[in-house]
file protein-v3.cif (mmCIF, C-alpha atoms and all ligand atoms)
data_structure
#
loop_
_atom_site.label_atom_id
_atom_site.label_comp_id
_atom_site.auth_asym_id
_atom_site.auth_seq_id
_atom_site.Cartn_x
_atom_site.Cartn_y
_atom_site.Cartn_z
CA MET A 1153 107.33 151.01 85.92
CA SER A 1154 106.66 149.87 82.35
CA LEU A 1155 106.93 151.87 79.15
CA LEU A 1156 104.82 150.45 76.33
CA GLN A 1157 104.95 151.63 72.77
CA PHE A 1158 103.29 150.02 69.75
CA ASP A 1159 102.89 151.29 66.20
CA ASN A 1160 99.50 150.12 64.88
CA PRO A 1161 100.02 146.54 66.08
CA SER A 1162 97.85 143.59 65.20
CA VAL A 1163 97.21 140.75 67.64
CA GLN A 1164 97.79 137.34 66.12
CA GLY A 1165 98.31 133.68 66.97
CA GLU A 1166 97.34 131.49 69.87
CA ILE A 1167 97.52 131.92 73.60
CA LYS A 1168 96.77 129.85 76.69
CA VAL A 1169 95.85 132.13 79.56
CA PRO A 1170 96.84 131.04 83.11
CA GLY A 1171 94.57 129.05 85.41
CA ASP A 1172 91.40 130.48 86.90
CA LYS A 1173 92.16 132.39 90.10
CA SER A 1174 88.86 131.63 91.87
CA ILE A 1175 89.11 127.90 91.15
CA SER A 1176 92.82 127.79 92.07
CA HIS A 1177 92.13 129.26 95.53
CA ARG A 1178 89.31 126.81 96.12
CA SER A 1179 91.35 123.82 94.94
CA ILE A 1180 93.83 124.46 97.77
CA MET A 1181 91.10 125.05 100.36
CA PHE A 1182 89.08 121.95 99.46
CA GLY A 1183 92.24 119.87 99.09
CA ALA A 1184 93.18 120.92 102.63
CA ILE A 1185 89.79 120.13 104.21
CA SER A 1186 89.50 116.74 102.45
CA GLU A 1187 90.90 113.37 103.49
CA GLY A 1188 93.71 112.18 101.19
CA VAL A 1189 95.98 113.68 98.56
CA THR A 1190 94.57 116.10 95.98
CA ARG A 1191 96.52 116.74 92.78
CA VAL A 1192 95.87 120.05 91.07
CA THR A 1193 96.85 120.76 87.45
CA GLY A 1194 96.57 124.11 85.68
CA PHE A 1195 96.94 125.90 89.04
CA LEU A 1196 97.53 129.67 88.81
CA LYS A 1197 100.90 130.44 90.39
CA GLY A 1198 99.99 134.10 90.85
CA ASP A 1199 100.74 135.95 94.09
CA ASP A 1200 97.15 135.72 95.37
CA CYS A 1201 96.94 131.93 95.08
CA LEU A 1202 100.45 131.57 96.52
CA SER A 1203 99.16 133.49 99.56
CA THR A 1204 96.41 130.88 99.94
CA ILE A 1205 99.02 128.08 99.84
CA ASP A 1206 101.12 129.88 102.43
CA CYS A 1207 98.19 130.28 104.85
CA PHE A 1208 97.30 126.57 104.71
CA ARG A 1209 100.92 125.55 105.19
CA LYS A 1210 100.88 127.63 108.37
CA MET A 1211 97.92 125.54 109.52
CA GLY A 1212 99.92 122.34 109.13
CA VAL A 1213 98.88 121.29 105.63
CA THR A 1214 101.69 119.88 103.47
CA ILE A 1215 101.49 121.36 99.98
CA THR A 1216 104.19 120.55 97.42
CA GLU A 1217 104.89 121.47 93.84
CA LYS A 1218 105.87 118.67 91.49
CA ASP A 1219 106.49 119.60 87.87
CA ASP A 1220 103.31 121.39 86.91
CA GLU A 1221 101.23 119.89 89.67
CA ILE A 1222 100.34 120.99 93.17
CA LEU A 1223 99.92 118.19 95.72
CA ILE A 1224 97.87 118.86 98.84
CA GLU A 1225 97.94 116.37 101.71
CA GLY A 1226 94.45 116.96 103.09
CA LYS A 1227 93.85 117.01 106.84
CA GLY A 1228 90.05 117.29 106.91
CA PHE A 1229 88.39 120.23 108.67
CA LYS A 1230 89.30 118.66 112.01
CA GLY A 1231 93.00 118.27 111.21
CA LEU A 1232 93.92 121.93 110.71
CA LYS A 1233 96.19 123.20 113.46
CA GLU A 1234 96.50 126.50 115.25
CA PRO A 1235 98.92 128.67 113.24
CA GLU A 1236 101.95 129.89 115.19
CA GLU A 1237 102.34 132.82 112.83
CA ILE A 1238 100.03 135.47 111.41
CA LEU A 1239 98.19 134.32 108.27
CA ASP A 1240 99.23 136.78 105.54
CA THR A 1241 96.70 136.97 102.71
CA GLY A 1242 98.72 139.53 100.72
CA ASN A 1243 96.55 141.38 98.18
CA SER A 1244 93.87 138.69 98.03
CA GLY A 1245 90.29 139.47 99.05
CA THR A 1246 89.23 135.93 98.12
CA THR A 1247 91.83 134.37 100.44
CA THR A 1248 90.93 136.71 103.29
CA ARG A 1249 87.16 136.23 103.13
CA LEU A 1250 87.03 132.49 102.39
CA LEU A 1251 89.66 131.78 105.03
CA LEU A 1252 87.57 133.67 107.60
CA GLY A 1253 84.74 131.23 106.85
CA ILE A 1254 87.02 128.25 107.48
CA LEU A 1255 88.58 129.74 110.63
CA ALA A 1256 85.13 130.54 112.04
CA GLY A 1257 84.60 126.84 112.74
CA GLN A 1258 88.11 126.04 114.02
CA PRO A 1259 88.61 125.67 117.78
CA PHE A 1260 91.75 127.81 117.85
CA HIS A 1261 93.06 131.35 117.70
CA SER A 1262 94.37 132.88 114.50
CA VAL A 1263 95.19 136.31 113.11
CA ILE A 1264 94.69 137.30 109.47
CA THR A 1265 96.29 140.28 107.84
CA GLY A 1266 97.11 141.40 104.30
CA ASP A 1267 98.68 144.29 102.41
CA GLU A 1268 97.68 147.96 102.51
CA SER A 1269 94.90 147.42 99.96
CA ILE A 1270 93.38 144.55 101.96
CA ALA A 1271 93.57 146.75 105.08
CA LYS A 1272 91.04 149.12 103.45
CA ARG A 1273 88.57 146.50 102.17
CA PRO A 1274 85.36 145.87 104.15
CA MET A 1275 85.35 142.58 106.02
CA ASN A 1276 82.22 143.22 108.11
CA ARG A 1277 80.07 141.73 105.36
CA VAL A 1278 81.73 138.43 106.40
CA THR A 1279 82.61 138.97 110.06
CA VAL A 1280 79.12 140.13 111.14
CA PRO A 1281 77.27 136.99 109.93
CA LEU A 1282 80.13 134.70 111.05
CA ARG A 1283 79.80 136.17 114.54
CA GLU A 1284 76.06 135.52 114.41
CA MET A 1285 76.88 131.90 113.60
CA GLY A 1286 78.98 131.70 116.78
CA ALA A 1287 82.58 132.67 115.92
CA PHE A 1288 84.53 135.25 117.92
CA ILE A 1289 86.12 137.78 115.59
CA ASP A 1290 87.67 141.12 116.40
CA GLY A 1291 89.79 143.63 114.53
CA ARG A 1292 90.14 147.28 113.67
CA ASP A 1293 86.91 149.23 113.22
CA ASN A 1294 84.96 146.68 115.29
CA GLY A 1295 86.06 143.72 113.25
CA ASN A 1296 85.62 145.34 109.84
CA LEU A 1297 89.27 145.83 108.91
CA THR A 1298 92.41 143.67 109.06
CA PRO A 1299 94.30 142.61 111.08
CA LEU A 1300 91.49 140.36 112.30
CA ALA A 1301 91.73 137.91 115.19
CA VAL A 1302 89.50 134.83 115.07
CA ARG A 1303 88.65 132.25 117.70
CA GLY A 1304 86.36 129.79 116.03
CA GLY A 1305 83.76 127.80 117.81
CA GLU A 1306 80.67 125.69 117.54
CA LEU A 1307 78.54 127.16 114.83
CA LYS A 1308 74.75 127.36 115.04
CA SER A 1309 72.07 126.79 112.44
CA PHE A 1310 71.88 129.92 110.32
CA HIS A 1311 69.51 131.44 107.76
CA TYR A 1312 70.83 134.53 106.00
CA THR A 1313 69.95 136.71 103.03
CA LEU A 1314 73.12 138.22 101.59
CA PRO A 1315 72.91 142.05 101.59
CA VAL A 1316 75.25 142.17 98.58
CA ALA A 1317 75.82 139.88 95.59
CA SER A 1318 79.25 138.53 96.51
CA ALA A 1319 80.66 135.08 95.83
CA GLN A 1320 83.31 135.67 98.49
CA LEU A 1321 80.67 136.33 101.14
CA LYS A 1322 78.53 133.40 99.96
CA SER A 1323 81.55 131.09 99.96
CA ALA A 1324 82.72 132.19 103.43
CA LEU A 1325 79.29 131.35 104.87
CA ILE A 1326 79.17 128.03 103.01
CA LEU A 1327 82.61 127.08 104.37
CA ALA A 1328 81.48 127.98 107.89
CA GLY A 1329 78.16 126.15 107.41
CA LEU A 1330 80.02 122.99 106.40
CA GLN A 1331 81.49 122.92 109.93
CA SER A 1332 78.18 123.39 111.75
CA ASP A 1333 76.13 120.50 113.20
CA GLU A 1334 73.03 121.97 111.69
CA GLU A 1335 71.71 123.25 108.36
CA THR A 1336 72.75 126.62 106.91
CA VAL A 1337 70.48 128.42 104.44
CA ILE A 1338 71.77 131.28 102.29
CA VAL A 1339 69.73 133.44 99.92
CA GLU A 1340 71.55 135.30 97.14
CA PRO A 1341 70.17 138.59 95.78
CA GLU A 1342 71.73 137.78 92.40
CA LYS A 1343 73.51 134.67 91.19
CA THR A 1344 77.27 134.94 91.71
CA ARG A 1345 80.08 132.62 90.63
CA ASP A 1346 79.35 129.11 91.87
CA HIS A 1347 82.83 127.53 91.97
CA THR A 1348 82.50 126.75 95.70
CA GLU A 1349 79.26 124.83 95.18
CA LYS A 1350 80.81 122.92 92.26
CA MET A 1351 83.91 122.14 94.32
CA ILE A 1352 81.75 120.71 97.14
CA ARG A 1353 80.12 118.28 94.72
CA HIS A 1354 83.46 117.47 93.09
CA PHE A 1355 84.88 116.47 96.49
CA GLY A 1356 81.90 114.20 97.16
CA GLY A 1357 79.81 116.60 99.24
CA HIS A 1358 76.24 117.75 99.00
CA ILE A 1359 74.74 121.23 98.52
CA THR A 1360 71.43 122.22 96.97
CA ARG A 1361 70.10 125.29 95.23
CA GLU A 1362 66.46 126.08 94.55
CA GLY A 1363 65.94 129.46 92.92
CA SER A 1364 68.13 131.79 94.93
CA THR A 1365 68.18 129.60 98.08
CA ILE A 1366 71.23 127.49 98.89
CA ARG A 1367 71.14 124.78 101.58
CA ILE A 1368 74.22 123.31 103.22
CA THR A 1369 74.34 120.31 105.53
CA GLY A 1370 77.07 120.49 108.16
CA ASN A 1371 79.73 117.96 109.09
CA GLN A 1372 80.11 116.36 105.68
CA PRO A 1373 83.28 114.40 104.99
CA PHE A 1374 85.19 115.37 101.85
CA LYS A 1375 87.33 112.93 99.89
CA ALA A 1376 90.43 114.10 98.00
CA LYS A 1377 89.94 114.35 94.25
CA ASP A 1378 92.14 115.65 91.45
CA VAL A 1379 91.26 119.10 90.14
CA HIS A 1380 91.99 120.47 86.70
CA VAL A 1381 91.86 124.28 86.66
CA PRO A 1382 90.66 125.80 83.34
CA GLY A 1383 92.06 129.07 81.93
CA ASP A 1384 90.79 132.23 83.61
CA ILE A 1385 88.17 134.07 81.54
CA SER A 1386 88.94 137.20 83.59
CA SER A 1387 92.54 137.06 82.29
CA ALA A 1388 91.35 136.12 78.79
CA ALA A 1389 89.24 139.31 78.74
CA PHE A 1390 92.39 141.45 78.31
CA PHE A 1391 93.45 139.56 75.20
CA LEU A 1392 89.90 139.36 73.81
CA THR A 1393 89.83 143.16 74.01
CA ALA A 1394 93.34 143.51 72.57
CA ALA A 1395 92.32 141.59 69.43
CA ALA A 1396 88.91 143.27 69.08
CA ILE A 1397 90.25 146.86 69.19
CA THR A 1398 93.29 146.47 66.90
CA ALA A 1399 93.29 146.22 63.10
CA ASP A 1400 94.03 142.97 61.19
CA SER A 1401 93.91 140.87 64.35
CA SER A 1402 92.92 137.23 64.81
CA LEU A 1403 93.64 135.47 68.08
CA LYS A 1404 92.74 132.06 69.48
CA LEU A 1405 92.49 131.68 73.25
CA LYS A 1406 92.77 128.03 74.29
CA ASN A 1407 90.88 126.20 77.08
CA VAL A 1408 89.19 129.15 78.70
CA GLY A 1409 86.78 128.42 81.59
CA LEU A 1410 83.19 128.97 80.46
CA ASN A 1411 81.23 128.56 83.69
CA GLU A 1412 78.01 130.49 82.94
CA THR A 1413 78.34 132.53 86.14
CA ARG A 1414 81.55 134.00 84.64
CA THR A 1415 80.75 134.52 80.95
CA GLY A 1416 79.12 137.97 81.15
CA ILE A 1417 82.06 139.30 79.11
CA LEU A 1418 81.02 137.09 76.18
CA ASP A 1419 77.45 138.45 76.37
CA VAL A 1420 78.88 141.98 76.26
CA LEU A 1421 81.19 141.19 73.33
CA LYS A 1422 78.18 139.85 71.42
CA GLU A 1423 76.08 142.89 72.29
CA MET A 1424 78.95 145.12 71.10
CA ASN A 1425 79.02 143.38 67.72
CA THR A 1426 82.40 141.68 68.22
CA ASP A 1427 83.53 139.08 65.71
CA PHE A 1428 84.22 135.92 67.77
CA GLU A 1429 83.39 132.19 68.01
CA VAL A 1430 83.48 129.78 70.92
CA THR A 1431 84.21 126.07 70.46
CA SER A 1432 83.50 123.88 73.44
CA THR A 1433 86.42 121.61 74.42
CA SER A 1434 85.04 120.12 77.65
CA GLN A 1435 81.62 119.86 79.24
CA ASP A 1436 82.89 119.02 82.76
CA GLU A 1437 81.31 120.66 85.77
CA GLU A 1438 83.63 123.57 84.98
CA PRO A 1439 83.18 123.75 81.18
CA GLN A 1440 85.98 124.99 78.90
CA GLY A 1441 86.35 126.11 75.31
CA ASP A 1442 88.52 127.86 72.74
CA ILE A 1443 87.64 131.40 71.71
CA LEU A 1444 88.64 132.76 68.30
CA ILE A 1445 88.34 136.55 68.08
CA ARG A 1446 89.08 139.05 65.30
CA SER A 1447 89.28 142.83 64.80
CA SER A 1448 85.78 144.24 65.14
CA SER A 1449 83.65 147.31 64.42
CA LEU A 1450 82.36 147.79 67.95
CA THR A 1451 79.10 149.39 69.01
CA SER A 1452 78.15 150.64 72.47
CA CYS A 1453 75.90 148.82 74.97
CA GLU A 1454 74.22 149.06 78.40
CA ILE A 1455 75.51 146.86 81.22
CA GLY A 1456 73.75 146.42 84.56
CA GLY A 1457 71.54 144.21 86.77
CA GLU A 1458 72.17 140.47 86.95
CA LEU A 1459 74.97 140.76 84.39
CA ILE A 1460 77.21 142.66 86.83
CA PRO A 1461 78.26 139.72 89.08
CA ARG A 1462 78.96 137.71 85.89
CA LEU A 1463 81.61 140.21 84.75
CA ILE A 1464 82.53 142.25 87.82
CA ASP A 1465 86.31 141.87 87.39
CA GLU A 1466 86.11 142.57 83.64
CA ILE A 1467 84.63 146.08 83.98
CA PRO A 1468 88.01 147.90 83.77
CA ILE A 1469 88.79 146.25 80.42
CA ILE A 1470 85.19 146.61 79.20
CA ALA A 1471 85.55 150.36 79.83
CA LEU A 1472 88.57 150.41 77.50
CA LEU A 1473 86.62 148.40 74.90
CA ALA A 1474 83.82 150.99 75.12
CA THR A 1475 86.24 153.84 74.35
CA GLN A 1476 86.71 152.19 70.93
CA ALA A 1477 82.99 151.51 70.31
CA GLN A 1478 80.57 153.70 68.39
CA GLY A 1479 78.09 155.38 70.75
CA LYS A 1480 77.43 155.76 74.47
CA THR A 1481 78.12 152.82 76.79
CA VAL A 1482 76.50 152.91 80.22
CA ILE A 1483 77.72 150.68 83.07
CA LYS A 1484 75.43 150.75 86.14
CA ASP A 1485 74.61 148.74 89.31
CA ALA A 1486 78.33 148.23 89.86
CA GLU A 1487 78.92 149.96 93.26
CA GLU A 1488 80.92 146.88 94.31
CA LEU A 1489 83.75 148.21 92.12
CA LYS A 1490 84.44 150.74 94.87
CA VAL A 1491 85.63 148.04 97.30
CA LYS A 1492 88.01 146.06 95.09
CA GLU A 1493 91.84 146.33 95.16
CA THR A 1494 91.23 150.04 94.45
CA ASN A 1495 88.06 152.06 93.95
CA ARG A 1496 87.77 150.78 90.38
CA ILE A 1497 85.20 153.39 89.32
CA ASP A 1498 87.60 156.22 90.16
CA ALA A 1499 90.71 154.37 88.99
CA VAL A 1500 89.30 153.42 85.56
CA VAL A 1501 87.78 156.84 84.90
CA GLU A 1502 90.78 158.88 86.06
CA GLU A 1503 93.44 156.71 84.39
CA LEU A 1504 91.57 156.43 81.06
CA LYS A 1505 90.99 160.21 81.08
CA LYS A 1506 94.78 160.67 81.24
CA LEU A 1507 94.88 158.84 77.88
CA GLY A 1508 92.17 161.07 76.39
CA ALA A 1509 89.04 158.92 76.89
CA ASP A 1510 85.58 160.51 77.07
CA ILE A 1511 84.49 158.81 80.31
CA THR A 1512 82.52 159.99 83.35
CA ALA A 1513 82.09 158.37 86.75
CA THR A 1514 78.60 157.83 88.15
CA ASP A 1515 77.51 156.65 91.61
CA ASP A 1516 77.25 153.06 90.48
CA GLY A 1517 79.39 152.82 87.37
CA MET A 1518 80.48 154.97 84.43
CA ILE A 1519 79.45 156.39 81.07
CA ILE A 1520 81.80 156.15 78.09
CA ASN A 1521 81.43 157.83 74.69
CA GLY A 1522 83.29 156.43 71.72
CA PRO A 1523 85.10 155.92 69.55
CA VAL A 1524 88.00 158.11 70.69
CA LYS A 1525 91.58 158.02 69.43
CA LEU A 1526 93.53 157.58 72.68
CA LYS A 1527 96.85 159.33 73.22
CA GLY A 1528 99.96 158.25 75.09
CA GLY A 1529 100.69 159.42 78.61
CA HIS A 1530 101.72 158.63 82.13
CA ALA A 1531 99.27 156.40 84.02
CA ASP A 1532 99.22 154.51 87.31
CA SER A 1533 98.07 150.96 88.06
CA ARG A 1534 97.41 152.15 91.65
CA GLY A 1535 98.64 148.72 92.75
CA ASP A 1536 95.62 147.07 91.10
CA HIS A 1537 96.47 144.25 88.67
CA ARG A 1538 93.33 144.71 86.57
CA ILE A 1539 93.98 148.46 86.14
CA GLY A 1540 97.62 147.70 85.19
CA MET A 1541 96.59 145.16 82.51
CA MET A 1542 93.86 147.45 81.17
CA LEU A 1543 96.41 150.26 80.72
CA ALA A 1544 98.83 147.91 78.99
CA VAL A 1545 96.13 146.85 76.50
CA ALA A 1546 95.18 150.53 76.01
CA SER A 1547 98.76 151.19 74.86
CA LEU A 1548 98.03 149.08 71.74
CA VAL A 1549 95.72 151.82 70.44
CA THR A 1550 97.33 155.01 71.75
CA THR A 1551 99.10 157.46 69.44
CA GLY A 1552 102.14 157.64 71.74
CA PRO A 1553 103.84 155.54 74.42
CA VAL A 1554 102.13 154.74 77.74
CA GLN A 1555 104.15 154.75 80.93
CA ILE A 1556 102.52 152.59 83.62
CA ASP A 1557 103.59 153.01 87.23
CA GLY A 1558 103.35 149.96 89.48
CA ALA A 1559 102.86 147.43 86.66
CA GLU A 1560 104.54 144.72 88.78
CA CYS A 1561 101.23 144.22 90.67
CA ILE A 1562 99.99 142.29 87.60
CA SER A 1563 101.71 139.20 89.06
CA VAL A 1564 98.75 138.89 91.45
CA SER A 1565 96.70 137.18 88.73
CA TYR A 1566 98.85 136.96 85.58
CA PRO A 1567 102.62 136.61 86.20
CA ASP A 1568 103.44 136.12 82.46
CA PHE A 1569 101.14 138.85 81.17
CA PHE A 1570 103.85 140.94 79.46
CA LYS A 1571 105.46 137.83 77.95
CA ASP A 1572 102.11 136.77 76.47
CA LEU A 1573 101.37 140.31 75.27
CA SER A 1574 104.63 140.53 73.38
CA LYS A 1575 104.14 137.00 71.97
CA VAL A 1576 100.87 137.93 70.22
CA THR A 1577 101.57 141.52 69.19
CA SER A 1578 103.52 142.81 66.21
CA ARG A 1579 105.29 146.07 66.98
O1 LIG B 1 84.80 134.38 94.90
C1 LIG B 1 85.73 134.76 94.17
O2 LIG B 1 86.66 134.00 93.82
C2 LIG B 1 85.71 136.16 93.68
C3 LIG B 1 84.55 136.91 93.79
C4 LIG B 1 84.44 138.31 93.36
O3 LIG B 1 84.47 139.14 94.50
P1 LIG B 1 83.15 139.50 95.35
O4 LIG B 1 82.65 138.29 95.98
O5 LIG B 1 83.62 140.51 96.36
O6 LIG B 1 82.18 140.09 94.36
C5 LIG B 1 85.58 138.71 92.43
O7 LIG B 1 85.61 140.11 92.29
C6 LIG B 1 86.92 138.21 92.92
O8 LIG B 1 87.94 138.55 92.02
C7 LIG B 1 86.94 136.71 93.07
C1 LIG B 2 88.75 141.63 93.05
C2 LIG B 2 89.69 140.73 92.75
O1 LIG B 2 90.25 139.81 93.61
P1 LIG B 2 90.18 139.69 95.21
O2 LIG B 2 88.85 140.21 95.66
O3 LIG B 2 90.38 138.24 95.49
O4 LIG B 2 91.31 140.51 95.75
C3 LIG B 2 90.17 140.60 91.35
O5 LIG B 2 90.93 139.66 91.08
O6 LIG B 2 89.83 141.43 90.48
#
call {"tool": "encode", "arguments": {"input": "protein-v3.cif", "output": "structure tokens"}}
result
Amino acid sequence: MSLLQFDNPSVQGEIKVPGDKSISHRSIMFGAISEGVTRVTGFLKGDDCLSTIDCFRKMGVTITEKDDEILIEGKGFKGLKEPEEILDTGNSGTTTRLLLGILAGQPFHSVITGDESIAKRPMNRVTVPLREMGAFIDGRDNGNLTPLAVRGGELKSFHYTLPVASAQLKSALILAGLQSDEETVIVEPEKTRDHTEKMIRHFGGHITREGSTIRITGNQPFKAKDVHVPGDISSAAFFLTAAAITADSSLKLKNVGLNETRTGILDVLKEMNTDFEVTSTSQDEEPQGDILIRSSSLTSCEIGGELIPRLIDEIPIIALLATQAQGKTVIKDAEELKVKETNRIDAVVEELKKLGADITATDDGMIINGPVKLKGGHADSRGDHRIGMMLAVASLVTTGPVQIDGAECISVSYPDFFKDLSKVTSR
């Protein structure tokens, strides 16, 4: 439980948000399936990425921490060994789904399980196509729910149109396809984050994309290569909002990842009339930059379509932003929110209502009318890190204190969140 109370704070100074969660997971996975030692800097030591490390250690990969670096002694796809214990993916959907793609091609038996939130999240989007490729997978609800047992095998040539825009599903099928003798072709309904594709090229592999069609050649060797993980724009979004909605604020966020498949939040901030500037600091395959943001007179906007996969994890904090914006904000085409750590449509709407927001759930999103002066109250993270951080940022603009139950879940993606929040806020 956390009790947060601020009296008209401003948000000032400079902050370096932790490493990108999606890239951190993939750095461990690609380090493990490569030949040689991969050194990762900027790695996010959040619970989700630590779960990924733990699973690969159980498959015989040596992973060590040295100062601020993670060293992975790669085994290649063929060097992973049958785990003697259950692979525990904790709260991490990314670990669970991407790992299923790797295990699908491994000639051994393994069992994956996670926490009570993971046990409710649909895995059939991954297990059904992986079975079609040739893997044996079973679990509760016909292989839809964890615990899942996998016996990987020889994978066939596969051509698949994703029924849902999901980078986790795309990445699972790519990781399976990399272990097949033949070509795998994947068609995406909408472009989702492309960190897996970038990682393949970074580790010396080959993958092509033409329009929405991705082609993967199987049996490619990967060579170890150092990875530098940029700051996570999904974590930055909480502080961007904190500065935009409070008076007399000016905050610089350093070295934030600016991969264009992730920067939907910046498009929304622009649309909402937010006062911010981006300065590029690196044009690597995963570009980075500094973002300077100030207090803003926000206006409402409409969010939907191809923008949704580019900001899917930012919708809880965008909803808070919209409560402080003039007019009616409509978020649509976001049904995927229902199958995250919680049902994020219900969680956002019900928790923000407790603080006095004018917000209504719809089938595929929510409608928010603003601006509204929020009040203090008793709210619940529901075990979802992004709901917990959204409520903490809300407390900056409430008239009274906000009590947040279950705030410890924030360590999934941002272990030092409260430290950083108190560093940049005046009370
Ligand atoms: O591939 C990834 O690293 C992720 C993809 C997204 O999930 P979906 O693929 O389910 O949309 C996102 O919500 C998650 O936080 C991380
Ligand atoms: C949905 C998220 O992560 P995952 O799917 O990996 O649990 C998230 O971090 O918001």
call {"tool": "closest_atom_pairs", "arguments": {"input": "protein-v3.cif", "of": "chain A", "to": "ligand LIG 1 (chain B)", "cutoff": "10 Å", "atoms": "only C-alpha atoms and all ligand atoms", "output": "Markdown table"}}
result
| residue | atom | partner | partner_atom | distance |
| --- | --- | --- | --- | --- |
| A:Asp1172 | CA | B:LIG1 | O2 | 9.1 |
| A:Lys1173 | CA | B:LIG1 | O2 | 6.8 |
| A:Ser1174 | CA | B:LIG1 | O2 | 3.8 |
| A:Ile1175 | CA | B:LIG1 | O2 | 7.1 |
| A:Ser1176 | CA | B:LIG1 | O2 | 8.9 |
| A:His1177 | CA | B:LIG1 | O2 | 7.4 |
| A:Arg1178 | CA | B:LIG1 | O2 | 8.0 |
| A:Ser1244 | CA | B:LIG1 | O8 | 8.4 |
| A:Gly1245 | CA | B:LIG1 | C6 | 7.1 |
| A:Thr1246 | CA | B:LIG1 | O2 | 5.4 |
| A:Thr1247 | CA | B:LIG1 | O2 | 8.4 |
| A:Arg1249 | CA | B:LIG1 | O4 | 8.7 |
| A:Leu1250 | CA | B:LIG1 | O1 | 8.0 |
| A:Arg1273 | CA | B:LIG1 | O5 | 9.7 |
| A:Pro1274 | CA | B:LIG1 | O5 | 9.6 |
| A:Arg1277 | CA | B:LIG1 | O5 | 9.8 |
| A:Val1316 | CA | B:LIG1 | O6 | 8.4 |
| A:Ala1317 | CA | B:LIG1 | O6 | 6.5 |
| A:Ser1318 | CA | B:LIG1 | O4 | 3.4 |
| A:Ala1319 | CA | B:LIG1 | O4 | 3.8 |
| A:Gln1320 | CA | B:LIG1 | O4 | 3.7 |
| A:Leu1321 | CA | B:LIG1 | O4 | 5.9 |
| A:Lys1322 | CA | B:LIG1 | O4 | 7.5 |
| A:Ser1323 | CA | B:LIG1 | O1 | 6.9 |
| A:Ala1324 | CA | B:LIG1 | O1 | 9.0 |
| A:Thr1344 | CA | B:LIG1 | O6 | 7.6 |
| A:Arg1345 | CA | B:LIG1 | O1 | 6.6 |
| A:Asp1346 | CA | B:LIG1 | O1 | 8.2 |
| A:His1347 | CA | B:LIG1 | O1 | 7.7 |
| A:Thr1348 | CA | B:LIG1 | O1 | 8.0 |
| A:Ser1386 | CA | B:LIG1 | O8 | 8.6 |
| A:Arg1414 | CA | B:LIG1 | C5 | 10.0 |
| A:Ile1460 | CA | B:LIG1 | O6 | 9.4 |
| A:Pro1461 | CA | B:LIG1 | O6 | 6.6 |
| A:Arg1462 | CA | B:LIG1 | C4 | 9.3 |
| A:Leu1463 | CA | B:LIG1 | O7 | 8.5 |
| A:Ile1464 | CA | B:LIG1 | O7 | 5.8 |
| A:Asp1465 | CA | B:LIG1 | O7 | 5.3 |
| A:Glu1466 | CA | B:LIG1 | O7 | 9.0 |
| A:Glu1488 | CA | B:LIG1 | O6 | 6.9 |
| A:Leu1489 | CA | B:LIG1 | O7 | 8.3 |
| A:Val1491 | CA | B:LIG1 | O5 | 7.9 |
| A:Lys1492 | CA | B:LIG1 | O7 | 7.0 |
| A:Glu1493 | CA | B:LIG1 | O8 | 9.3 |
| A:Arg1538 | CA | B:LIG1 | O8 | 9.8 |
| A:Ser1565 | CA | B:LIG1 | O8 | 9.5 |
call {"tool": "residues_around", "arguments": {"input": "protein-v3.cif", "residues": "Arg1353 (chain A)", "least_positions_apart": "3", "cutoff": "12 Å", "atoms": "only C-alpha atoms", "output": "VMD selection string"}}
result
chain A and resid 1182 1346 to 1350 1356 to 1360 1368 1372 to 1377 1437 to 1438
call {"tool": "closest_residue", "arguments": {"input": "protein-v3.cif", "among": "A:Asp1510, A:Asp1384, A:Asp1498, A:Asp1442", "to": "ligand LIG 2 (chain B)", "atoms": "all atoms listed in the file"}}
result
A:Asp1384
call {"tool": "atom_distance", "arguments": {"input": "protein-v3.cif", "atom1": "CA of Lys1343 (chain A)", "atom2": "CA of Ile1445 (chain A)"}}
result
27.5 Å
call {"tool": "closest_residue", "arguments": {"input": "protein-v3.cif", "among": "A:Gly1540, A:Gly1212, A:Gly1231, A:Pro1341", "to": "ligand LIG 2 (chain B)", "atoms": "only C-alpha atoms and all ligand atoms"}}
result
A:Gly1540
call {"tool": "closest_residue", "arguments": {"input": "protein-v3.cif", "among": "A:Ser1449, A:Ser1269, A:Thr1577, A:Thr1398", "to": "ligand LIG 2 (chain B)", "atoms": "all atoms listed in the file"}}
result
A:Ser1269
call {"tool": "atom_distance", "arguments": {"input": "protein-v3.cif", "atom1": "CA of Gly1253 (chain A)", "atom2": "CA of Gly1329 (chain A)"}}
result
8.3 Å
call {"tool": "atom_distance", "arguments": {"input": "protein-v3.cif", "atom1": "atom O2 of ligand LIG 2 (chain B)", "atom2": "CA of Leu1327 (chain A)"}}
result
16.9 Å
call {"tool": "closest_residue", "arguments": {"input": "protein-v3.cif", "among": "A:Ile1539, A:Met1181, A:Val1549, A:Leu1252", "to": "ligand LIG 2 (chain B)", "atoms": "all atoms listed in the file"}}
result
A:Ile1539
call {"tool": "closest_residue", "arguments": {"input": "protein-v3.cif", "among": "A:Lys1525, A:Lys1505, A:Lys1272, A:Lys1422", "to": "ligand LIG 2 (chain B)", "atoms": "all atoms listed in the file"}}
result
A:Lys1272
call {"tool": "closest_residue", "arguments": {"input": "protein-v3.cif", "among": "A:Val1500, A:Ile1338, A:Ala1328, A:Leu1573", "to": "Pro1315 (chain A)", "atoms": "all atoms listed in the file"}}
result
A:Ile1338
call {"tool": "residues_near_point", "arguments": {"input": "protein-v3.cif", "point": "(75.3, 156.3, 92.7)", "cutoff": "12 Å", "atoms": "only C-alpha atoms", "output": "count of residues only"}}
result
15
